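Structure data follow from start.cif (mmCIF, C-alpha atoms; chains and numbers go by the auth columns):
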data_upload
#
loop_
_atom_site.group_PDB
_atom_site.id
_atom_site.type_symbol
_atom_site.label_atom_id
_atom_site.label_comp_id
_atom_site.label_asym_id
_atom_site.label_seq_id
_atom_site.Cartn_x
_atom_site.Cartn_y
_atom_site.Cartn_z
_atom_site.B_iso_or_equiv
_atom_site.auth_seq_id
_atom_site.auth_asym_id
ATOM 1 C CA MET A 1 46.022 97.509 118.020 0.00 510 A
ATOM 2 C CA THR A 2 44.914 101.076 118.002 0.00 511 A
ATOM 3 C CA THR A 3 43.117 102.565 120.994 0.00 512 A
ATOM 4 C CA LEU A 4 41.306 105.071 118.764 0.00 513 A
ATOM 5 C CA ILE A 5 37.541 104.854 119.258 0.00 514 A
ATOM 6 C CA LEU A 6 35.170 106.533 116.818 0.00 515 A
ATOM 7 C CA ASP A 7 31.968 106.426 118.861 0.00 516 A
ATOM 8 C CA GLU A 8 33.032 106.826 122.476 0.00 517 A
ATOM 9 C CA LYS A 9 29.515 106.791 123.905 0.00 518 A
ATOM 10 C CA GLU A 10 28.673 103.544 122.141 0.00 519 A
ATOM 11 C CA TYR A 11 31.927 102.042 123.444 0.00 520 A
ATOM 12 C CA VAL A 12 31.168 103.001 127.057 0.00 521 A
ATOM 13 C CA ASP A 13 27.586 101.712 126.784 0.00 522 A
ATOM 14 C CA LYS A 14 28.874 98.378 125.455 0.00 523 A
ATOM 15 C CA ILE A 15 31.403 97.955 128.285 0.00 524 A
ATOM 16 C CA LEU A 16 28.768 98.810 130.892 0.00 525 A
ATOM 17 C CA SER A 17 26.280 96.305 129.459 0.00 526 A
ATOM 18 C CA GLU A 18 28.713 93.459 128.791 0.00 527 A
ATOM 19 C CA GLY A 19 31.205 94.038 131.591 0.00 528 A
ATOM 20 C CA ALA A 20 34.067 92.762 129.424 0.00 529 A
ATOM 21 C CA LEU A 21 37.116 95.026 129.486 0.00 530 A
ATOM 22 C CA HIS A 22 40.647 94.038 128.552 0.00 531 A
ATOM 23 C CA PRO A 23 43.131 95.074 131.308 0.00 532 A
ATOM 24 C CA SER A 24 45.217 97.015 128.772 0.00 533 A
ATOM 25 C CA ARG A 25 42.283 99.354 128.163 0.00 534 A
ATOM 26 C CA ILE A 26 41.310 100.116 131.758 0.00 535 A
ATOM 27 C CA TYR A 27 42.938 103.569 131.800 0.00 536 A
ATOM 28 C CA LEU A 28 41.356 104.506 128.472 0.00 537 A
ATOM 29 C CA PHE A 29 37.939 103.375 129.672 0.00 538 A
ATOM 30 C CA LEU A 30 38.093 105.226 132.986 0.00 539 A
ATOM 31 C CA GLY A 31 38.804 108.501 131.212 0.00 540 A
ATOM 32 C CA LEU A 32 35.899 107.933 128.836 0.00 541 A
ATOM 33 C CA TYR A 33 33.580 106.755 131.595 0.00 542 A
ATOM 34 C CA ALA A 34 34.311 109.870 133.673 0.00 543 A
ATOM 35 C CA ARG A 35 33.383 112.074 130.690 0.00 544 A
ATOM 36 C CA TYR A 36 30.311 109.924 130.088 0.00 545 A
ATOM 37 C CA LEU A 37 29.156 110.422 133.674 0.00 546 A
ATOM 38 C CA TYR A 38 29.705 114.178 133.481 0.00 547 A
ATOM 39 C CA HIS A 39 28.152 114.906 130.078 0.00 548 A
ATOM 40 C CA GLU A 40 25.537 112.137 129.774 0.00 549 A
ATOM 41 C CA LYS A 41 24.522 111.591 133.417 0.00 550 A
ATOM 42 C CA GLU A 42 25.254 115.124 134.661 0.00 551 A
ATOM 43 C CA LEU A 43 27.232 113.899 137.669 0.00 552 A
ATOM 44 C CA ARG A 44 29.937 116.013 139.258 0.00 553 A
ATOM 45 C CA LYS A 45 33.336 115.202 140.673 0.00 554 A
ATOM 46 C CA THR A 46 32.474 113.480 143.983 0.00 555 A
ATOM 47 C CA LYS A 47 29.779 111.278 142.441 0.00 556 A
ATOM 48 C CA ILE A 48 31.956 110.528 139.401 0.00 557 A
ATOM 49 C CA ILE A 49 34.718 109.242 141.681 0.00 558 A
ATOM 50 C CA LYS A 50 32.194 107.036 143.499 0.00 559 A
ATOM 51 C CA ALA A 51 30.909 105.629 140.211 0.00 560 A
ATOM 52 C CA LEU A 52 34.438 104.914 138.934 0.00 561 A
ATOM 53 C CA ASP A 53 35.275 103.250 142.242 0.00 562 A
ATOM 54 C CA ALA A 54 32.136 101.080 142.042 0.00 563 A
ATOM 55 C CA PHE A 55 32.972 100.002 138.499 0.00 564 A
ATOM 56 C CA MET A 56 36.496 99.018 139.484 0.00 565 A
ATOM 57 C CA GLU A 57 35.298 97.103 142.546 0.00 566 A
ATOM 58 C CA GLU A 58 32.952 95.056 140.379 0.00 567 A
ATOM 59 C CA ASN A 59 35.089 94.516 137.276 0.00 568 A
ATOM 60 C CA TYR A 60 38.772 94.700 138.197 0.00 569 A
ATOM 61 C CA PRO A 61 39.878 91.771 140.427 0.00 570 A
ATOM 62 C CA ARG A 62 43.163 93.366 141.493 0.00 571 A
ATOM 63 C CA TYR A 63 41.600 96.702 142.338 0.00 572 A
ATOM 64 C CA ASN A 64 42.971 98.485 145.409 0.00 573 A
ATOM 65 C CA PRO A 65 41.225 101.819 146.170 0.00 574 A
ATOM 66 C CA VAL A 66 44.365 103.177 147.844 0.00 575 A
ATOM 67 C CA ASP A 67 46.499 102.606 144.745 0.00 576 A
ATOM 68 C CA TRP A 68 43.885 103.975 142.353 0.00 577 A
ATOM 69 C CA GLY A 69 42.621 106.953 144.338 0.00 578 A
ATOM 70 C CA LEU A 70 44.737 109.616 142.615 0.00 579 A
ATOM 71 C CA ASN A 71 43.924 108.228 139.167 0.00 580 A
ATOM 72 C CA LEU A 72 40.185 108.269 139.785 0.00 581 A
ATOM 73 C CA GLU A 73 40.401 111.827 141.075 0.00 582 A
ATOM 74 C CA LYS A 74 42.392 112.861 138.002 0.00 583 A
ATOM 75 C CA TYR A 75 39.853 111.381 135.574 0.00 584 A
ATOM 76 C CA ALA A 76 36.952 112.942 137.467 0.00 585 A
ATOM 77 C CA GLY A 77 38.699 116.319 137.488 0.00 586 A
ATOM 78 C CA LYS A 78 39.186 116.292 133.705 0.00 587 A
ATOM 79 C CA ALA A 79 35.727 114.928 132.865 0.00 588 A
ATOM 80 C CA SER A 80 34.232 118.309 131.960 0.00 589 A
ATOM 81 C CA ARG A 81 36.800 119.189 129.296 0.00 590 A
ATOM 82 C CA TYR A 82 35.361 117.412 126.267 0.00 591 A
ATOM 83 C CA PRO A 83 32.039 115.715 125.514 0.00 592 A
ATOM 84 C CA LEU A 84 32.192 112.178 124.153 0.00 593 A
ATOM 85 C CA CYS A 85 32.907 111.855 120.452 0.00 594 A
ATOM 86 C CA GLN A 86 30.097 110.142 118.540 0.00 595 A
ATOM 87 C CA CYS A 87 31.395 109.447 115.053 0.00 596 A
ATOM 88 C CA ARG A 88 29.873 106.653 112.955 0.00 597 A
ATOM 89 C CA GLY A 89 32.623 106.900 110.369 0.00 598 A
ATOM 90 C CA ILE A 90 34.093 109.205 107.754 0.00 599 A
ATOM 91 C CA TRP A 91 33.539 109.622 104.014 0.00 600 A
ATOM 92 C CA LEU A 92 36.475 109.607 101.616 0.00 601 A
ATOM 93 C CA THR A 93 36.014 111.203 98.217 0.00 602 A
ATOM 94 C CA LYS A 94 36.763 109.815 94.773 0.00 603 A
ATOM 95 C CA GLU A 95 39.348 112.545 94.241 0.00 604 A
ATOM 96 C CA GLU A 96 41.194 111.632 97.456 0.00 605 A
ATOM 97 C CA LEU A 97 41.159 107.920 96.653 0.00 606 A
ATOM 98 C CA ASP A 98 42.359 108.560 93.098 0.00 607 A
ATOM 99 C CA THR A 99 45.283 110.554 94.491 0.00 608 A
ATOM 100 C CA ILE A 100 46.272 107.596 96.679 0.00 609 A
ATOM 101 C CA SER A 101 45.945 105.139 93.771 0.00 610 A
ATOM 102 C CA GLY A 102 48.274 107.394 91.778 0.00 611 A
ATOM 103 C CA ILE A 103 51.133 106.789 94.224 0.00 612 A
ATOM 104 C CA HIS A 104 51.747 103.346 92.631 0.00 613 A
ATOM 105 C CA ASP A 105 53.436 101.931 95.707 0.00 614 A
ATOM 106 C CA LYS A 106 51.332 99.532 97.786 0.00 615 A
ATOM 107 C CA VAL A 107 53.003 100.325 101.112 0.00 616 A
ATOM 108 C CA LEU A 108 52.920 104.098 100.638 0.00 617 A
ATOM 109 C CA GLU A 109 49.305 103.858 99.479 0.00 618 A
ATOM 110 C CA ARG A 110 48.324 102.179 102.765 0.00 619 A
ATOM 111 C CA LEU A 111 50.229 104.825 104.709 0.00 620 A
ATOM 112 C CA ALA A 112 48.599 107.715 102.804 0.00 621 A
ATOM 113 C CA PHE A 113 45.151 106.124 103.193 0.00 622 A
ATOM 114 C CA THR A 114 45.659 105.777 106.950 0.00 623 A
ATOM 115 C CA LEU A 115 46.821 109.383 107.320 0.00 624 A
ATOM 116 C CA LEU A 116 43.831 110.592 105.299 0.00 625 A
ATOM 117 C CA CYS A 117 41.369 108.672 107.516 0.00 626 A
ATOM 118 C CA LEU A 118 42.985 109.991 110.691 0.00 627 A
ATOM 119 C CA ALA A 119 43.035 113.576 109.407 0.00 628 A
ATOM 120 C CA LYS A 120 39.342 113.487 108.485 0.00 629 A
ATOM 121 C CA PHE A 121 38.410 111.897 111.800 0.00 630 A
ATOM 122 C CA ASN A 122 40.353 114.598 113.645 0.00 631 A
ATOM 123 C CA ASN A 123 38.507 117.186 111.549 0.00 632 A
ATOM 124 C CA PHE A 124 35.228 115.649 112.722 0.00 633 A
ATOM 125 C CA ARG A 125 36.303 115.950 116.343 0.00 634 A
ATOM 126 C CA ASN A 126 37.621 119.460 115.900 0.00 635 A
ATOM 127 C CA PRO A 127 36.416 121.517 112.905 0.00 636 A
ATOM 128 C CA LEU A 128 39.489 123.748 113.337 0.00 637 A
ATOM 129 C CA ASN A 129 41.917 120.803 113.046 0.00 638 A
ATOM 130 C CA ASN A 130 42.810 121.590 109.411 0.00 639 A
ATOM 131 C CA ASN A 131 43.817 118.032 108.413 0.00 640 A
ATOM 132 C CA TRP A 132 46.433 117.455 111.105 0.00 641 A
ATOM 133 C CA VAL A 133 47.341 114.000 112.438 0.00 642 A
ATOM 134 C CA ASN A 134 48.974 113.890 115.866 0.00 643 A
ATOM 135 C CA SER A 135 49.063 110.105 116.396 0.00 644 A
ATOM 136 C CA SER A 136 52.436 108.508 117.089 0.00 645 A
ATOM 137 C CA ASN A 137 54.332 106.842 114.253 0.00 646 A
ATOM 138 C CA GLY A 138 53.846 103.500 115.972 0.00 647 A
ATOM 139 C CA GLU A 139 50.080 103.878 116.077 0.00 648 A
ATOM 140 C CA ILE A 140 49.899 105.144 112.483 0.00 649 A
ATOM 141 C CA TYR A 141 51.909 102.243 111.108 0.00 650 A
ATOM 142 C CA SER A 142 49.985 99.734 113.212 0.00 651 A
ATOM 143 C CA MET A 143 46.679 100.941 111.743 0.00 652 A
ATOM 144 C CA ALA A 144 48.250 100.992 108.271 0.00 653 A
ATOM 145 C CA CYS A 145 49.269 97.322 108.747 0.00 654 A
ATOM 146 C CA ILE A 146 52.880 98.120 107.861 0.00 655 A
ATOM 147 C CA ASN A 147 55.758 96.376 109.647 0.00 656 A
ATOM 148 C CA THR A 148 59.020 98.276 109.307 0.00 657 A
ATOM 149 C CA THR A 149 61.925 99.785 111.243 0.00 658 A
ATOM 150 C CA ALA A 150 61.865 103.177 112.961 0.00 659 A
ATOM 151 C CA ALA A 151 64.235 104.585 110.337 0.00 660 A
ATOM 152 C CA GLU A 152 62.063 103.289 107.487 0.00 661 A
ATOM 153 C CA LYS A 153 58.995 104.888 109.059 0.00 662 A
ATOM 154 C CA ASP A 154 60.580 108.316 108.762 0.00 663 A
ATOM 155 C CA LEU A 155 61.761 107.610 105.214 0.00 664 A
ATOM 156 C CA LYS A 156 58.300 106.591 104.055 0.00 665 A
ATOM 157 C CA LEU A 157 56.760 109.721 105.531 0.00 666 A
ATOM 158 C CA GLY A 158 59.530 111.673 103.818 0.00 667 A
ATOM 159 C CA ARG A 159 58.585 110.183 100.454 0.00 668 A
ATOM 160 C CA LEU A 160 54.967 111.250 100.898 0.00 669 A
ATOM 161 C CA ARG A 161 56.220 114.728 101.762 0.00 670 A
ATOM 162 C CA GLU A 162 58.349 114.817 98.604 0.00 671 A
ATOM 163 C CA MET A 163 55.220 113.971 96.592 0.00 672 A
ATOM 164 C CA GLY A 164 53.471 116.972 98.129 0.00 673 A
ATOM 165 C CA LEU A 165 50.904 114.820 99.925 0.00 674 A
ATOM 166 C CA ILE A 166 51.816 115.698 103.508 0.00 675 A
ATOM 167 C CA GLU A 167 53.719 118.342 105.453 0.00 676 A
ATOM 168 C CA HIS A 168 55.426 118.202 108.833 0.00 677 A
ATOM 169 C CA ALA A 169 54.911 120.672 111.654 0.00 678 A
ATOM 170 C CA ARG A 170 57.425 123.513 111.708 0.00 679 A
ATOM 171 C CA LYS A 171 58.466 122.981 115.307 0.00 680 A
ATOM 172 C CA ILE A 172 61.263 120.416 115.581 0.00 681 A
ATOM 173 C CA ASP A 173 59.759 118.697 118.630 0.00 682 A
ATOM 174 C CA ASN A 174 56.276 118.476 117.056 0.00 683 A
ATOM 175 C CA LEU A 175 55.835 115.200 115.145 0.00 684 A
ATOM 176 C CA SER A 176 52.374 116.017 113.798 0.00 685 A
ATOM 177 C CA VAL A 177 51.669 115.570 110.092 0.00 686 A
ATOM 178 C CA GLN A 178 49.302 117.630 107.935 0.00 687 A
ATOM 179 C CA VAL A 179 47.524 115.874 105.060 0.00 688 A
ATOM 180 C CA LEU A 180 47.493 118.097 101.952 0.00 689 A
ATOM 181 C CA PHE A 181 45.353 116.123 99.497 0.00 690 A
ATOM 182 C CA THR A 182 41.920 116.238 101.129 0.00 691 A
ATOM 183 C CA VAL A 183 39.004 117.182 98.856 0.00 692 A
ATOM 184 C CA PRO A 184 36.064 117.440 101.288 0.00 693 A
ATOM 185 C CA GLU A 185 33.675 118.777 98.623 0.00 694 A
ATOM 186 C CA GLY A 186 34.479 115.975 96.186 0.00 695 A
ATOM 187 C CA THR A 187 32.336 112.975 95.245 0.00 696 A
ATOM 188 C CA GLN A 188 31.749 110.704 98.250 0.00 697 A
ATOM 189 C CA LYS A 189 33.091 107.250 97.393 0.00 698 A
ATOM 190 C CA LEU A 190 34.065 105.198 100.459 0.00 699 A
ATOM 191 C CA PHE A 191 32.678 105.222 104.005 0.00 700 A
ATOM 192 C CA VAL A 192 35.147 104.005 106.647 0.00 701 A
ATOM 193 C CA SER A 193 33.688 103.070 110.034 0.00 702 A
ATOM 194 C CA ASP A 194 36.411 100.793 111.445 0.00 703 A
ATOM 195 C CA PHE A 195 39.907 102.134 112.108 0.00 704 A
ATOM 196 C CA ARG A 196 41.440 98.947 113.537 0.00 705 A
ATOM 197 C CA LYS A 197 43.020 97.776 110.266 0.00 706 A
ATOM 198 C CA LEU A 198 43.009 100.744 107.918 0.00 707 A
ATOM 199 C CA GLY A 199 45.694 99.178 105.751 0.00 708 A
ATOM 200 C CA TYR A 200 43.363 96.256 105.092 0.00 709 A
ATOM 201 C CA GLU A 201 40.490 98.664 104.381 0.00 710 A
ATOM 202 C CA TRP A 202 42.588 100.049 101.538 0.00 711 A
ATOM 203 C CA ARG A 203 43.432 96.568 100.291 0.00 712 A
ATOM 204 C CA LEU A 204 39.762 95.602 100.333 0.00 713 A
ATOM 205 C CA TYR A 205 38.908 98.761 98.389 0.00 714 A
ATOM 206 C CA GLN A 206 41.575 97.779 95.857 0.00 715 A
ATOM 207 C CA GLY A 207 39.836 94.434 95.319 0.00 716 A
ATOM 208 C CA GLU A 208 42.060 92.182 97.416 0.00 717 A
ATOM 209 C CA ASN A 209 40.527 89.153 99.118 0.00 718 A
ATOM 210 C CA TYR A 210 39.659 90.336 102.630 0.00 719 A
ATOM 211 C CA ILE A 211 36.526 89.616 104.672 0.00 720 A
ATOM 212 C CA ARG A 212 35.033 91.037 107.850 0.00 721 A
ATOM 213 C CA CYS A 213 35.091 88.611 110.769 0.00 722 A
ATOM 214 C CA ALA A 214 31.592 87.292 111.465 0.00 723 A
ATOM 215 C CA GLY A 215 32.325 87.684 115.180 0.00 724 A
ATOM 216 C CA CYS A 216 34.009 91.033 115.797 0.00 725 A
ATOM 217 C CA GLY A 217 33.927 92.615 112.335 0.00 726 A
ATOM 218 C CA ILE A 218 37.681 93.117 111.977 0.00 727 A
ATOM 219 C CA LEU A 219 39.163 92.666 108.504 0.00 728 A
ATOM 220 C CA VAL A 220 41.191 89.505 107.860 0.00 729 A
ATOM 221 C CA LYS A 221 42.698 87.976 104.715 0.00 730 A
ATOM 222 C CA ASN A 222 40.436 85.298 103.256 0.00 731 A
ATOM 223 C CA THR A 223 43.226 82.786 102.801 0.00 732 A
ATOM 224 C CA ASN A 224 41.160 79.752 101.767 0.00 733 A
ATOM 225 C CA GLY A 225 38.063 81.391 100.305 0.00 734 A
ATOM 226 C CA ARG A 226 35.879 79.974 103.088 0.00 735 A
ATOM 227 C CA ARG A 227 37.108 81.913 106.086 0.00 736 A
ATOM 228 C CA ARG A 228 34.462 83.490 108.355 0.00 737 A
ATOM 229 C CA PHE A 229 36.320 84.447 111.546 0.00 738 A
ATOM 230 C CA CYS A 230 39.533 86.096 112.703 0.00 739 A
ATOM 231 C CA LYS A 231 41.866 83.883 114.766 0.00 740 A
ATOM 232 C CA GLU A 232 40.464 84.933 118.157 0.00 741 A
ATOM 233 C CA CYS A 233 36.799 84.642 117.175 0.00 742 A
ATOM 234 C CA GLY A 234 37.487 81.365 115.361 0.00 743 A
ATOM 235 C CA GLU A 235 38.951 79.864 118.528 0.00 744 A
ATOM 236 C CA GLN A 236 35.937 81.071 120.498 0.00 745 A
ATOM 237 C CA ALA A 237 33.536 79.642 117.912 0.00 746 A
ATOM 238 C CA ASN A 238 35.312 76.265 118.080 0.00 747 A
ATOM 239 C CA LYS A 239 35.023 76.258 121.863 0.00 748 A
ATOM 240 C CA GLU A 240 31.300 76.971 121.598 0.00 749 A
ATOM 241 C CA LYS A 241 30.875 74.116 119.112 0.00 750 A
ATOM 242 C CA SER A 242 32.762 71.768 121.423 0.00 751 A
ATOM 243 C CA ARG A 243 30.549 72.734 124.344 0.00 752 A
ATOM 244 C CA GLU A 244 27.422 72.176 122.249 0.00 753 A
ATOM 245 C CA ARG A 245 28.685 68.740 121.134 0.00 754 A
ATOM 246 C CA MET A 246 29.374 67.723 124.729 0.00 755 A
ATOM 247 C CA LYS A 247 25.887 68.851 125.784 0.00 756 A
ATOM 248 C CA LYS A 248 24.360 66.781 122.988 0.00 757 A
ATOM 249 C CA ILE A 249 26.398 63.688 123.887 0.00 758 A
ATOM 250 C CA ARG A 250 25.460 63.970 127.560 0.00 759 A
ATOM 251 C CA ALA A 251 21.805 64.449 126.669 0.00 760 A
ATOM 252 C CA GLU A 252 21.881 61.319 124.486 0.00 761 A
ATOM 253 C CA GLU A 253 23.527 59.281 127.267 0.00 762 A
ATOM 254 C CA LYS A 254 20.727 60.042 129.725 0.00 763 A
#
Please express the file's structure as structure tokens.
Amino acid sequence: MTTLILDEKEYVDKILSEGALHPSRIYLFLGLYARYLYHEKELRKTKIIKALDAFMEENYPRYNPVDWGLNLEKYAGKASRYPLCQCRGIWLTKEELDTISGIHDKVLERLAFTLLCLAKFNNFRNPLNNNWVNSSNGEIYSMACINTTAAEKDLKLGRLREMGLIEHARKIDNLSVQVLFTVPEGTQKLFVSDFRKLGYEWRLYQGENYIRCAGCGILVKNTNGRRRFCKECGEQANKEKSRERMKKIRAEEK
């Protein structure tokens, strides 16, 4: 799943209040938290390192200050570079969406939709971005919900280029892609605020049967017409129900 976060301040606030952080995201969080402490709390390097250290001591069971010292210093040293991004979502225009619909290939449509969302988000972060997407192919295709081989990934991007919808960077070692079909002054049609499953966002827009999980909000296919949760949240909900049933049984036995 993508590590792209639209509202970085909201994300940091949520982790600090709930204390729940997946181990795979610890490096991402520390970088964000260091910037949060610098720009929101006006702390400087020494105090930022202390705050990062305190967070790790409290929330990371395998934390060893000796092993992490250089990392914490690195994050604290880079904290001043950029303020936290606070993006609630991006608007796509009718003209942009019509261009994607005109591709008439479901897989390429999801890919073009994903690239458009990423380009407009990058424009939000940097007004001088000019519609460029610098995410890796793996991350792009993951968000687009497309499973394919490495060779096919390049071929699909090549087809969008042949249609005049994207362009590659001129430098051979630069894998960035520029989206050419943005119409920022067009008629606002679709607001996208969740980048986890952009391919499913497109499918939902096209009228396919997808719902937002009642637990975490991620899009999932509504396979039986009654689905409310994604797999993970469904398992958690079942555990909660089981605990409630056991409490009721024990209360009745007393």
*Taking into account all atoms listed in the file, which residue in the set A:Leu707, A:Leu539, A:Ile557, A:Cys596 is nearest to Arg619 in chain A?*
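The answer is A:Leu707, which sits nearest to Arg619 in chain A.
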*Apply the PyMOL selection byres ((chain A and resi 601) around 6) to the file shown and report the selected residues as a ChimeraX atom specification.*
/A:600,602,697-699
*Can you work out which one of A:Arg712, A:Glu551, A:Lys748, A:Tyr569 has the shortest atom-to-atom distance to Arg534 in chain A, counting all atoms listed in the file?*
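Under the stated criterion, the closest residue is A:Tyr569.
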Neighbour list for Tyr719 in chain A as a PDB file with C-alpha atoms, in the frame of the given file, cut-off 6 Å, all atoms listed in the file, skip fewer than 2 positions in-chain:
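Here's the written file out-v7.pdb:
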ATOM      1  CA  LEU A 713      39.762  95.602 100.333  1.00  0.00           C
ATOM      2  CA  VAL A 729      41.191  89.505 107.860  1.00  0.00           C
ATOM      3  CA  LYS A 730      42.698  87.976 104.715  1.00  0.00           C
ATOM      4  CA  ASN A 731      40.436  85.298 103.256  1.00  0.00           C
TER       5      ASN A 731
END
*asked:* Using only C-alpha atoms, which protein or nucleic acid residues come within 10 Å of Leu674 in chain A? Drop anything in the same chain fewer than 6 positions from it, and give the result as JSON, numbers by chain.
replied: {"A": [608, 609, 612, 621, 625, 666, 667, 668, 687, 688, 689, 690, 691]}
